[in-house]
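J.: Structure file data_31.cif (mmCIF, C-alpha atoms (C1' of nucleotides)) is given on the next line.
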```cif
data_final
#
loop_
_atom_site.group_PDB
_atom_site.id
_atom_site.type_symbol
_atom_site.label_atom_id
_atom_site.label_comp_id
_atom_site.auth_asym_id
_atom_site.auth_seq_id
_atom_site.Cartn_x
_atom_site.Cartn_y
_atom_site.Cartn_z
ATOM 1 C CA MET A 36 5.002 -55.989 -18.073
ATOM 2 C CA ASN A 37 7.861 -53.780 -18.884
ATOM 3 C CA SER A 38 10.360 -55.265 -21.275
ATOM 4 C CA SER A 39 12.581 -52.228 -21.679
ATOM 5 C CA GLY A 40 15.943 -52.062 -19.944
ATOM 6 C CA SER A 41 15.263 -48.618 -18.607
ATOM 7 C CA GLY A 42 11.981 -49.877 -17.194
ATOM 8 C CA ASP A 43 13.795 -52.615 -15.318
ATOM 9 C CA PHE A 44 16.230 -50.106 -13.953
ATOM 10 C CA LYS A 45 13.421 -47.863 -12.749
ATOM 11 C CA GLU A 46 11.789 -50.832 -11.068
ATOM 12 C CA LEU A 47 15.035 -51.681 -9.343
ATOM 13 C CA GLN A 48 15.394 -48.103 -8.220
ATOM 14 C CA ALA A 49 11.842 -48.079 -6.875
ATOM 15 C CA THR A 50 12.463 -51.309 -4.990
ATOM 16 C CA ALA A 51 15.688 -49.967 -3.569
ATOM 17 C CA THR A 52 13.960 -46.812 -2.419
ATOM 18 C CA ALA A 53 11.180 -48.861 -0.849
ATOM 19 C CA THR A 54 13.692 -50.912 1.162
ATOM 20 C CA MET A 55 15.606 -47.877 2.362
ATOM 21 C CA LYS A 56 15.695 -47.662 6.106
ATOM 22 C CA LYS A 57 14.114 -44.628 7.742
ATOM 23 C CA GLY A 58 13.843 -43.319 11.258
ATOM 24 C CA PRO A 59 16.395 -42.861 14.022
ATOM 25 C CA TRP A 60 20.001 -43.767 13.386
ATOM 26 C CA THR A 61 21.697 -46.483 15.403
ATOM 27 C CA ALA A 62 25.209 -46.277 16.855
ATOM 28 C CA GLU A 63 26.241 -48.943 14.350
ATOM 29 C CA GLU A 64 25.033 -46.876 11.434
ATOM 30 C CA ASP A 65 26.759 -43.804 12.782
ATOM 31 C CA LYS A 66 29.998 -45.714 12.984
ATOM 32 C CA VAL A 67 29.689 -46.927 9.406
ATOM 33 C CA LEU A 68 28.991 -43.415 8.235
ATOM 34 C CA MET A 69 31.893 -41.983 10.217
ATOM 35 C CA ASP A 70 34.237 -44.582 8.774
ATOM 36 C CA TYR A 71 33.035 -43.807 5.282
ATOM 37 C CA VAL A 72 33.610 -40.077 5.723
ATOM 38 C CA LYS A 73 37.028 -40.674 7.232
ATOM 39 C CA LYS A 74 38.054 -42.621 4.169
ATOM 40 C CA ASN A 75 36.254 -40.716 1.451
ATOM 41 C CA GLY A 76 35.484 -37.324 2.882
ATOM 42 C CA PRO A 77 32.024 -35.799 3.205
ATOM 43 C CA ARG A 78 30.975 -36.300 -0.404
ATOM 44 C CA ASP A 79 29.495 -38.859 -2.819
ATOM 45 C CA TRP A 80 26.710 -39.521 -0.364
ATOM 46 C CA SER A 81 24.725 -41.591 -2.788
ATOM 47 C CA SER A 82 27.584 -44.059 -3.151
ATOM 48 C CA ILE A 83 27.191 -44.989 0.521
ATOM 49 C CA GLN A 84 23.909 -46.534 -0.478
ATOM 50 C CA SER A 85 24.870 -47.775 -3.932
ATOM 51 C CA ASN A 86 27.984 -49.516 -2.574
ATOM 52 C CA GLY A 87 25.913 -51.223 0.086
ATOM 53 C CA PHE A 88 27.512 -49.580 3.125
ATOM 54 C CA LEU A 89 24.173 -48.476 4.550
ATOM 55 C CA PRO A 90 20.507 -48.959 3.615
ATOM 56 C CA ARG A 91 20.023 -45.197 3.780
ATOM 57 C CA THR A 92 19.573 -42.635 1.066
ATOM 58 C CA GLY A 93 22.430 -40.300 0.281
ATOM 59 C CA LYS A 94 20.312 -37.443 1.507
ATOM 60 C CA SER A 95 19.740 -39.120 4.827
ATOM 61 C CA CYS A 96 23.468 -39.816 5.225
ATOM 62 C CA ARG A 97 24.391 -36.257 4.414
ATOM 63 C CA LEU A 98 21.831 -34.905 6.855
ATOM 64 C CA ARG A 99 23.046 -37.183 9.625
ATOM 65 C CA TRP A 100 26.633 -36.142 9.067
ATOM 66 C CA VAL A 101 25.901 -32.442 8.855
ATOM 67 C CA ASN A 102 23.582 -32.333 11.846
ATOM 68 C CA LYS A 103 25.034 -34.860 14.263
ATOM 69 C CA LEU A 104 28.356 -36.421 13.321
ATOM 70 C CA ARG A 105 30.367 -33.505 12.000
ATOM 71 C CA PRO A 106 33.244 -32.568 14.301
ATOM 72 C CA ASN A 107 33.040 -29.507 16.565
ATOM 73 C CA LEU A 108 29.279 -29.441 16.754
ATOM 74 C CA LYS A 109 27.729 -27.865 19.830
ATOM 75 C CA SER A 110 24.938 -30.393 19.958
ATOM 76 C CA GLY A 111 22.732 -30.296 23.029
ATOM 77 C CA CYS A 112 24.149 -26.938 23.915
ATOM 78 C CA LYS A 113 21.796 -24.053 24.523
ATOM 79 C CA PHE A 114 22.262 -21.001 22.318
ATOM 80 C CA THR A 115 24.294 -18.335 24.062
ATOM 81 C CA LEU A 116 23.095 -14.778 24.256
ATOM 82 C CA GLU A 117 25.633 -13.831 21.618
ATOM 83 C CA GLU A 118 24.456 -16.587 19.291
ATOM 84 C CA GLU A 119 20.863 -15.562 19.733
ATOM 85 C CA ARG A 120 21.726 -11.978 18.897
ATOM 86 C CA THR A 121 23.497 -13.158 15.783
ATOM 87 C CA VAL A 122 20.549 -15.257 14.662
ATOM 88 C CA ILE A 123 18.109 -12.420 15.214
ATOM 89 C CA ASP A 124 20.335 -9.974 13.419
ATOM 90 C CA MET A 125 21.056 -12.261 10.497
ATOM 91 C CA GLN A 126 17.441 -13.322 10.168
ATOM 92 C CA ALA A 127 16.464 -9.676 9.876
ATOM 93 C CA ARG A 128 19.132 -9.218 7.245
ATOM 94 C CA PHE A 129 18.816 -12.392 5.160
ATOM 95 C CA GLY A 130 15.395 -13.772 6.026
ATOM 96 C CA ASN A 131 14.948 -17.508 6.612
ATOM 97 C CA LYS A 132 18.292 -18.450 5.101
ATOM 98 C CA TRP A 133 19.190 -20.843 7.878
ATOM 99 C CA ALA A 134 22.160 -22.420 6.197
ATOM 100 C CA ARG A 135 23.625 -19.026 5.544
ATOM 101 C CA ILE A 136 22.948 -17.846 9.080
ATOM 102 C CA ALA A 137 24.509 -21.014 10.451
ATOM 103 C CA THR A 138 27.810 -20.123 8.783
ATOM 104 C CA PHE A 139 28.089 -17.225 11.213
ATOM 105 C CA LEU A 140 27.711 -19.554 14.197
ATOM 106 C CA GLU A 141 30.577 -21.887 14.963
ATOM 107 C CA GLY A 142 29.371 -25.409 15.639
ATOM 108 C CA ARG A 143 25.752 -24.743 14.764
ATOM 109 C CA THR A 144 23.823 -26.312 11.913
ATOM 110 C CA ASP A 145 21.044 -24.906 9.798
ATOM 111 C CA ASN A 146 18.742 -27.334 11.586
ATOM 112 C CA ASP A 147 19.797 -25.920 14.964
ATOM 113 C CA VAL A 148 19.125 -22.395 13.820
ATOM 114 C CA LYS A 149 15.827 -23.362 12.259
ATOM 115 C CA ASN A 150 14.656 -25.171 15.376
ATOM 116 C CA PHE A 151 15.792 -22.331 17.583
ATOM 117 C CA TRP A 152 13.925 -19.813 15.486
ATOM 118 C CA SER A 153 10.664 -21.735 15.266
ATOM 119 C CA THR A 154 10.707 -22.372 19.004
ATOM 120 C CA ARG A 155 11.164 -18.676 19.620
ATOM 121 C CA GLN A 156 8.434 -17.795 17.180
ATOM 122 C CA LYS A 157 6.015 -20.122 18.915
ATOM 123 C CA ARG A 158 6.885 -18.772 22.319
ATOM 124 C CA LEU A 159 6.600 -15.208 21.126
ATOM 125 C CA ALA A 160 3.274 -15.850 19.432
ATOM 126 C CA LYS A 161 1.992 -17.306 22.631
ATOM 127 C CA LEU A 162 3.243 -14.364 24.638
ATOM 128 C CA LEU A 163 1.522 -11.889 22.370
ATOM 129 C CA GLN A 164 -1.661 -13.888 22.241
ATOM 130 C CA THR A 165 -1.967 -14.090 25.998
ATOM 131 C CA PRO A 166 -1.606 -10.649 27.546
ATOM 132 C CA LEU A 167 -0.050 -10.559 30.991
ATOM 133 C CA PRO A 168 -0.058 -14.285 31.555
ATOM 134 C CA VAL A 169 0.839 -15.979 34.773
ATOM 135 C CA ARG A 170 3.736 -17.930 33.489
ATOM 136 C CA SER A 171 5.666 -20.449 35.425
ATOM 137 C CA PRO A 172 9.113 -20.927 34.011
ATOM 138 C CA ARG A 173 10.483 -24.273 32.996
ATOM 139 C CA LYS A 174 13.302 -24.786 35.355
ATOM 140 C CA HIS A 175 16.035 -27.383 35.218
ATOM 141 C CA ARG A 176 15.454 -28.595 31.731
ATOM 142 C CA LYS A 177 18.179 -30.968 30.670
ATOM 143 C CA GLU A 178 20.141 -28.216 29.014
ATOM 144 C CA THR A 179 23.874 -28.593 28.855
ATOM 145 C CA VAL A 180 24.651 -24.957 29.005
ATOM 146 C CA CYS A 181 27.930 -23.863 27.446
ATOM 147 C CA SER A 182 28.073 -20.656 29.397
ATOM 148 C CA GLN A 183 25.830 -18.852 31.788
ATOM 149 C CA VAL A 184 22.891 -17.827 29.681
ATOM 150 C CA PRO A 185 20.131 -15.607 30.955
ATOM 151 C CA ASP A 186 16.674 -16.034 29.545
ATOM 152 C CA SER A 187 17.201 -14.096 26.390
ATOM 153 C CA GLU A 188 13.603 -13.810 25.327
ATOM 154 C CA ASP A 189 14.226 -10.141 25.947
ATOM 155 C CA VAL A 190 16.747 -10.112 23.145
ATOM 156 C CA LEU A 191 14.129 -11.348 20.752
ATOM 157 C CA LEU A 192 11.575 -8.944 22.032
ATOM 158 C CA GLN A 193 13.970 -6.034 21.717
ATOM 159 C CA ASN A 194 13.865 -6.489 17.986
ATOM 160 C CA LEU A 195 10.202 -5.823 17.724
ATOM 161 C CA ASN A 196 8.704 -2.382 17.792
ATOM 162 C CA SER A 197 5.445 -3.038 19.527
ATOM 163 C CA PRO A 198 4.874 -0.952 22.655
ATOM 164 C CA SER A 199 2.931 -3.813 24.179
ATOM 165 C CA ILE A 200 5.937 -6.024 23.718
ATOM 166 C CA GLU A 201 8.140 -3.519 25.489
ATOM 167 C CA PHE A 202 5.626 -3.464 28.242
ATOM 168 C CA ILE A 203 5.771 -7.194 28.615
ATOM 169 C CA GLN A 204 9.512 -7.104 28.462
ATOM 170 C CA PHE A 205 9.891 -4.695 31.319
ATOM 171 C CA THR A 206 7.214 -6.057 33.555
ATOM 172 C CA LYS A 207 8.680 -9.442 34.209
ATOM 173 C CA CYS A 208 9.042 -10.099 37.862
ATOM 174 C CA TYR A 209 12.032 -11.979 39.207
ATOM 175 C CA VAL A 210 12.585 -13.110 42.759
ATOM 176 C CA ASN A 211 15.962 -14.641 43.546
ATOM 177 C CA GLY A 212 16.558 -15.049 39.861
ATOM 178 C CA LYS A 213 13.322 -16.939 39.410
ATOM 179 C CA GLU A 214 10.805 -15.524 36.997
ATOM 180 C CA LEU A 215 7.492 -15.488 38.799
ATOM 181 C CA ASP A 216 4.891 -13.531 36.974
ATOM 182 C CA TYR A 217 4.123 -10.442 34.998
ATOM 183 C CA ILE A 218 3.138 -7.443 36.998
ATOM 184 C "C1'" DA B 36 2.743 -41.299 41.248
ATOM 185 C "C1'" DA B 37 0.124 -40.546 37.297
ATOM 186 C "C1'" DG B 38 -1.899 -37.746 33.818
ATOM 187 C "C1'" DT B 39 -1.547 -33.942 30.748
ATOM 188 C "C1'" DG B 40 0.118 -30.306 28.105
ATOM 189 C "C1'" DA B 41 4.260 -27.895 26.435
ATOM 190 C "C1'" DT B 42 8.645 -28.010 24.382
ATOM 191 C "C1'" DT B 43 12.569 -29.760 21.965
ATOM 192 C "C1'" DC B 44 14.880 -31.728 18.275
ATOM 193 C "C1'" DA B 45 15.950 -35.503 14.924
ATOM 194 C "C1'" DA B 46 14.625 -36.739 10.662
ATOM 195 C "C1'" DC B 47 11.686 -36.741 6.603
ATOM 196 C "C1'" DC B 48 9.579 -34.494 2.508
ATOM 197 C "C1'" DG B 49 9.440 -31.799 -1.439
ATOM 198 C "C1'" DC B 50 11.298 -28.180 -4.095
ATOM 199 C "C1'" DC B 51 15.206 -25.887 -6.197
ATOM 200 C "C1'" DT B 52 19.754 -25.551 -8.241
ATOM 201 C "C1'" DG B 53 23.924 -26.940 -10.396
ATOM 202 C "C1'" DC B 54 26.374 -30.089 -13.075
ATOM 203 C "C1'" DG B 55 27.453 -33.680 -16.347
ATOM 204 C "C1'" DC B 56 26.114 -35.927 -20.387
ATOM 205 C "C1'" DA C 171 19.229 -27.034 -25.319
ATOM 206 C "C1'" DG C 172 17.239 -30.474 -22.663
ATOM 207 C "C1'" DC C 173 17.252 -34.187 -19.474
ATOM 208 C "C1'" DG C 174 18.369 -36.717 -15.303
ATOM 209 C "C1'" DC C 175 20.657 -37.024 -11.102
ATOM 210 C "C1'" DA C 176 22.735 -35.616 -6.715
ATOM 211 C "C1'" DG C 177 23.142 -32.420 -3.302
ATOM 212 C "C1'" DG C 178 21.437 -28.468 -0.688
ATOM 213 C "C1'" DC C 179 17.920 -26.148 1.652
ATOM 214 C "C1'" DG C 180 13.607 -24.688 4.099
ATOM 215 C "C1'" DG C 181 9.360 -26.345 6.002
ATOM 216 C "C1'" DT C 182 7.091 -29.698 8.657
ATOM 217 C "C1'" DT C 183 6.176 -33.553 11.624
ATOM 218 C "C1'" DG C 184 6.118 -36.726 15.384
ATOM 219 C "C1'" DA C 185 8.429 -39.100 19.170
ATOM 220 C "C1'" DA C 186 10.759 -38.233 23.325
ATOM 221 C "C1'" DT C 187 11.292 -35.550 27.221
ATOM 222 C "C1'" DC C 188 10.125 -32.449 30.686
ATOM 223 C "C1'" DA C 189 7.379 -29.440 33.963
ATOM 224 C "C1'" DC C 190 3.328 -28.785 36.141
ATOM 225 C "C1'" DT C 191 -0.978 -30.121 38.458
#
```
Could the structure of this file be written out as structure tokens, please?

T.:
Amino acid sequence: MNSSGSGDFKELQATATATMKKGPWTAEEDKVLMDYVKKNGPRDWSSIQSNGFLPRTGKSCRLRWVNKLRPNLKSGCKFTLEEERTVIDMQARFGNKWARIATFLEGRTDNDVKNFWSTRQKRLAKLLQTPLPVRSPRKHRKETVCSQVPDSEDVLLQNLNSPSIEFIQFTKCYVNGKELDYI
DNA sequence: AAGTGATTCAACCGCCTGCGC
DNA sequence: AGCGCAGGCGGTTGAATCACT
């Protein structure tokens, strides 16, 4: 038994944390959050929870706003060649400072940049691991492309100094714009 | 058409930092 | 000066989606 006031408070806090909702956001929740930000601005995130607007932590609210609800976001939009160049350049300059890198990209979040980078890293690792693979491209993915974007894997590869990488880069075979194989 | 593996991305976790008391 | 809290950030995970066989 804890008879101290501070103990009670901690218990309450623990209970509140335990009842916090997690997982995907609903349209309803998004609306509540949007309304809150409209009225109060994007700040005091923890008061969203403490005032009973949403059963979400302040952190969760902030993340949702920053990554999905903020105006002018290019969500669902493939990175353009220019954006990819910027990410590669900035990553070389600053390291994995995604939030910082994201400030150079209009409408992109640190999460976008982070996801983009890790996807590229995986793909690159696979490329290097598997010399001269027969690789069928993924066509027609549900990308909502902002502008005509070529496969810019080359851009990433250009930033590495391995001769084998250059070899891979220049031995892609395209027929009618479709990447078929490595020669 | 169904099964399987690859890929994407939303969201969580844990650590760090800054600020107020 | 030290403590506690909130916010920010990077790393990671897992569900959803997609392409291929």

J.: Pick the closest to chain B from A:Lys66, A:Lys149, A:Lys132, A:Arg78: which is it, counting all atoms listed in the file?

T.: A:Lys149

J.: As a check of understanding, name the residues that the PyMOL selection byres ((chain A) within 12 of (chain B)) selects in the supplied structure, as a PyMOL selection string.

T.: chain A and resi 56-60+92+94-99+102-103+110-113+146-155+157-158+161+171-173+176-178

J.: Which of these, A:Thr61, A:Ser85, A:Asn107, A:Asn131, has the shortest distance to chain C once you count all atoms listed in the file?

T.: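 Among the listed residues, A:Asn131 lies closest to chain C.
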
J.: For chain C, which residue out of A:Asp145, A:Asp70, A:Glu63, A:Asp124 is the nearest one, using all atoms listed in the file?

T.: A:Asp145

J.: Choose the residue, out of A:Val101, A:Ala134, A:Leu162, A:Met125, that has the smallest atom-to-atom separation from DG180 of chain C; count all atoms listed in the file.

T.: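 With all atoms listed in the file as the atom set, the closest residue is A:Ala134.
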
J.: If you apply the PyMOL selection byres ((chain C) within 9 of (chain A)) to this file, what residues do you get, as an NGL selection string?

T.: :C and (176-177 or 179-180 or 187-190)

J.: Can you work out the spacing between atom CA of Met55 of chain A and atom CA of Gly87 of chain A in Å, to one decimal?

T.: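 Computing it gives 11.1 Å between the two atoms.
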
J.: For atom CA of Arg120 of chain A and atom C1' of DG181 of chain C, determine how far apart the two atoms are, in Å to one decimal place.

T.: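 Pair atom CA of Arg120 of chain A / atom C1' of DG181 of chain C returns 22.9 Å.
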
J.: What does the structure give for the distance between atom CA of Lys74 of chain A and atom CA of Leu89 of chain A, in Å to one decimal?

T.: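 Calculated distance between atom CA of Lys74 of chain A and atom CA of Leu89 of chain A is 15.1 Å.
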
J.: Find the smallest box with edges along x, y and z containing every listed atom of segment 174-187 of chain C, then add 3 Å on each side and report centre and edge lengths in Å to one decimal, as AutoDock Vina command-line options.

T.:
```
--center_x 14.6 --center_y -31.9 --center_z 6.0 --size_x 23.0 --size_y 20.4 --size_z 48.5
```

J.: Save chain B to a file: N, CA and C atoms (P, O5', C5', C4', C3', O3' and C1' of nucleotides), as an mmCIF file, in the first residue's frame.

T.:
```cif
data_model
loop_
_atom_site.group_PDB
_atom_site.id
_atom_site.type_symbol
_atom_site.label_atom_id
_atom_site.label_comp_id
_atom_site.auth_asym_id
_atom_site.auth_seq_id
_atom_site.Cartn_x
_atom_site.Cartn_y
_atom_site.Cartn_z
ATOM 1 P P DA B 36 -9.555 -14.951 -60.704
ATOM 2 O "O5'" DA B 36 -8.788 -16.163 -60.011
ATOM 3 C "C5'" DA B 36 -9.442 -17.399 -59.811
ATOM 4 C "C4'" DA B 36 -8.751 -18.108 -58.670
ATOM 5 C "C3'" DA B 36 -8.683 -17.328 -57.362
ATOM 6 O "O3'" DA B 36 -8.800 -18.251 -56.289
ATOM 7 C "C1'" DA B 36 -6.488 -17.620 -58.201
ATOM 8 P P DA B 37 -8.628 -17.763 -54.824
ATOM 9 O "O5'" DA B 37 -7.156 -18.317 -54.479
ATOM 10 C "C5'" DA B 37 -6.827 -19.656 -54.849
ATOM 11 C "C4'" DA B 37 -5.444 -19.981 -54.326
ATOM 12 C "C3'" DA B 37 -5.136 -19.422 -52.933
ATOM 13 O "O3'" DA B 37 -4.428 -20.415 -52.202
ATOM 14 C "C1'" DA B 37 -3.577 -18.565 -54.504
ATOM 15 P P DG B 38 -3.877 -20.119 -50.748
ATOM 16 O "O5'" DG B 38 -2.305 -20.032 -50.982
ATOM 17 C "C5'" DG B 38 -1.672 -21.028 -51.769
ATOM 18 C "C4'" DG B 38 -0.189 -20.742 -51.844
ATOM 19 C "C3'" DG B 38 0.432 -20.270 -50.531
ATOM 20 O "O3'" DG B 38 1.700 -20.908 -50.390
ATOM 21 C "C1'" DG B 38 0.755 -18.624 -52.209
ATOM 22 P P DT B 39 2.607 -20.626 -49.123
ATOM 23 O "O5'" DT B 39 3.656 -19.555 -49.680
ATOM 24 C "C5'" DT B 39 4.350 -19.831 -50.893
ATOM 25 C "C4'" DT B 39 5.325 -18.694 -51.180
ATOM 26 C "C3'" DT B 39 5.998 -18.123 -49.935
ATOM 27 O "O3'" DT B 39 7.376 -17.987 -50.178
ATOM 28 C "C1'" DT B 39 4.996 -16.397 -51.173
ATOM 29 P P DG B 40 8.400 -17.798 -48.994
ATOM 30 O "O5'" DG B 40 9.239 -16.556 -49.532
ATOM 31 C "C5'" DG B 40 9.575 -16.474 -50.924
ATOM 32 C "C4'" DG B 40 9.764 -15.020 -51.313
ATOM 33 C "C3'" DG B 40 10.582 -14.198 -50.318
ATOM 34 O "O3'" DG B 40 11.534 -13.439 -51.063
ATOM 35 C "C1'" DG B 40 8.488 -13.146 -50.706
ATOM 36 P P DA B 41 12.504 -12.445 -50.378
ATOM 37 O "O5'" DA B 41 11.884 -11.058 -50.851
ATOM 38 C "C5'" DA B 41 11.615 -10.870 -52.244
ATOM 39 C "C4'" DA B 41 11.156 -9.449 -52.489
ATOM 40 C "C3'" DA B 41 11.980 -8.364 -51.788
ATOM 41 O "O3'" DA B 41 12.123 -7.292 -52.703
ATOM 42 C "C1'" DA B 41 9.715 -8.235 -51.074
ATOM 43 P P DT B 42 12.993 -6.041 -52.326
ATOM 44 O "O5'" DT B 42 11.878 -4.995 -51.879
ATOM 45 C "C5'" DT B 42 10.830 -4.700 -52.782
ATOM 46 C "C4'" DT B 42 9.853 -3.749 -52.123
ATOM 47 C "C3'" DT B 42 10.498 -2.568 -51.382
ATOM 48 O "O3'" DT B 42 10.050 -1.389 -52.016
ATOM 49 C "C1'" DT B 42 8.780 -3.587 -50.086
ATOM 50 P P DT B 43 10.535 0.028 -51.552
ATOM 51 O "O5'" DT B 43 9.267 0.538 -50.724
ATOM 52 C "C5'" DT B 43 7.978 0.371 -51.289
ATOM 53 C "C4'" DT B 43 6.920 0.784 -50.271
ATOM 54 C "C3'" DT B 43 7.232 2.090 -49.533
ATOM 55 O "O3'" DT B 43 6.098 2.917 -49.638
ATOM 56 C "C1'" DT B 43 6.701 0.362 -47.992
ATOM 57 P P DC B 44 6.136 4.424 -49.310
ATOM 58 O "O5'" DC B 44 5.561 4.440 -47.828
ATOM 59 C "C5'" DC B 44 4.280 3.867 -47.597
ATOM 60 C "C4'" DC B 44 4.016 3.789 -46.107
ATOM 61 C "C3'" DC B 44 4.428 5.045 -45.327
ATOM 62 O "O3'" DC B 44 3.458 5.255 -44.330
ATOM 63 C "C1'" DC B 44 5.427 3.192 -44.359
ATOM 64 P P DA B 45 2.849 6.680 -44.118
ATOM 65 O "O5'" DA B 45 1.958 6.404 -42.822
ATOM 66 C "C5'" DA B 45 1.084 5.290 -42.824
ATOM 67 C "C4'" DA B 45 1.051 4.671 -41.440
ATOM 68 C "C3'" DA B 45 0.941 5.670 -40.303
ATOM 69 O "O3'" DA B 45 0.012 5.148 -39.371
ATOM 70 C "C1'" DA B 45 2.891 4.340 -40.015
ATOM 71 P P DA B 46 -0.491 6.003 -38.175
ATOM 72 O "O5'" DA B 46 0.408 5.469 -36.984
ATOM 73 C "C5'" DA B 46 0.367 4.084 -36.668
ATOM 74 C "C4'" DA B 46 1.472 3.759 -35.697
ATOM 75 C "C3'" DA B 46 1.609 4.719 -34.511
ATOM 76 O "O3'" DA B 46 1.418 3.982 -33.323
ATOM 77 C "C1'" DA B 46 3.718 4.201 -35.460
ATOM 78 P P DC B 47 1.417 4.637 -31.893
ATOM 79 O "O5'" DC B 47 2.585 3.807 -31.194
ATOM 80 C "C5'" DC B 47 2.637 2.389 -31.374
ATOM 81 C "C4'" DC B 47 4.001 1.883 -30.951
ATOM 82 C "C3'" DC B 47 4.470 2.421 -29.608
ATOM 83 O "O3'" DC B 47 4.861 1.348 -28.765
ATOM 84 C "C1'" DC B 47 6.118 2.816 -31.284
ATOM 85 P P DC B 48 5.253 1.589 -27.257
ATOM 86 O "O5'" DC B 48 6.846 1.600 -27.312
ATOM 87 C "C5'" DC B 48 7.539 0.532 -27.958
ATOM 88 C "C4'" DC B 48 9.033 0.752 -27.827
ATOM 89 C "C3'" DC B 48 9.457 1.287 -26.468
ATOM 90 O "O3'" DC B 48 10.568 0.535 -26.006
ATOM 91 C "C1'" DC B 48 10.205 2.746 -28.194
ATOM 92 P P DG B 49 10.992 0.644 -24.462
ATOM 93 O "O5'" DG B 49 12.331 1.499 -24.574
ATOM 94 C "C5'" DG B 49 13.300 1.138 -25.549
ATOM 95 C "C4'" DG B 49 14.320 2.239 -25.686
ATOM 96 C "C3'" DG B 49 14.750 2.879 -24.365
ATOM 97 O "O3'" DG B 49 16.145 3.076 -24.403
ATOM 98 C "C1'" DG B 49 13.946 4.537 -25.816
ATOM 99 P P DC B 50 16.941 3.432 -23.094
ATOM 100 O "O5'" DC B 50 17.808 4.669 -23.594
ATOM 101 C "C5'" DC B 50 18.416 4.618 -24.883
ATOM 102 C "C4'" DC B 50 18.649 6.028 -25.390
ATOM 103 C "C3'" DC B 50 19.264 6.966 -24.342
ATOM 104 O "O3'" DC B 50 20.440 7.542 -24.889
ATOM 105 C "C1'" DC B 50 17.360 7.966 -25.368
ATOM 106 P P DC B 51 21.346 8.463 -23.991
ATOM 107 O "O5'" DC B 51 20.952 9.912 -24.534
ATOM 108 C "C5'" DC B 51 20.934 10.143 -25.940
ATOM 109 C "C4'" DC B 51 20.487 11.565 -26.203
ATOM 110 C "C3'" DC B 51 21.093 12.596 -25.246
ATOM 111 O "O3'" DC B 51 21.612 13.666 -26.012
ATOM 112 C "C1'" DC B 51 18.711 12.772 -25.259
ATOM 113 P P DT B 52 22.427 14.827 -25.317
ATOM 114 O "O5'" DT B 52 21.366 16.021 -25.333
ATOM 115 C "C5'" DT B 52 20.619 16.265 -26.515
ATOM 116 C "C4'" DT B 52 19.634 17.394 -26.258
ATOM 117 C "C3'" DT B 52 20.174 18.503 -25.347
ATOM 118 O "O3'" DT B 52 19.890 19.750 -25.951
ATOM 119 C "C1'" DT B 52 18.111 17.675 -24.502
ATOM 120 P P DG B 53 20.472 21.092 -25.373
ATOM 121 O "O5'" DG B 53 19.137 21.867 -24.961
ATOM 122 C "C5'" DG B 53 17.978 21.719 -25.767
ATOM 123 C "C4'" DG B 53 16.786 22.333 -25.060
ATOM 124 C "C3'" DG B 53 17.124 23.549 -24.205
ATOM 125 O "O3'" DG B 53 16.075 24.499 -24.358
ATOM 126 C "C1'" DG B 53 16.173 21.853 -22.842
ATOM 127 P P DC B 54 16.161 25.935 -23.748
ATOM 128 O "O5'" DC B 54 15.010 25.883 -22.646
ATOM 129 C "C5'" DC B 54 13.767 25.244 -22.964
ATOM 130 C "C4'" DC B 54 12.940 25.130 -21.698
ATOM 131 C "C3'" DC B 54 13.137 26.277 -20.712
ATOM 132 O "O3'" DC B 54 11.873 26.760 -20.299
ATOM 133 C "C1'" DC B 54 13.475 24.199 -19.630
ATOM 134 P P DG B 55 11.734 28.138 -19.541
ATOM 135 O "O5'" DG B 55 10.921 27.685 -18.245
ATOM 136 C "C5'" DG B 55 9.850 26.764 -18.388
ATOM 137 C "C4'" DG B 55 9.528 26.143 -17.040
ATOM 138 C "C3'" DG B 55 9.539 27.131 -15.879
ATOM 139 O "O3'" DG B 55 8.402 26.867 -15.071
ATOM 140 C "C1'" DG B 55 11.070 25.375 -15.436
ATOM 141 P P DC B 56 8.013 27.849 -13.887
ATOM 142 O "O5'" DC B 56 8.449 27.011 -12.603
ATOM 143 C "C5'" DC B 56 7.986 25.659 -12.463
ATOM 144 C "C4'" DC B 56 8.720 25.006 -11.307
ATOM 145 C "C3'" DC B 56 8.852 25.886 -10.073
ATOM 146 O "O3'" DC B 56 8.330 25.196 -8.939
ATOM 147 C "C1'" DC B 56 10.943 24.908 -10.647
#
```
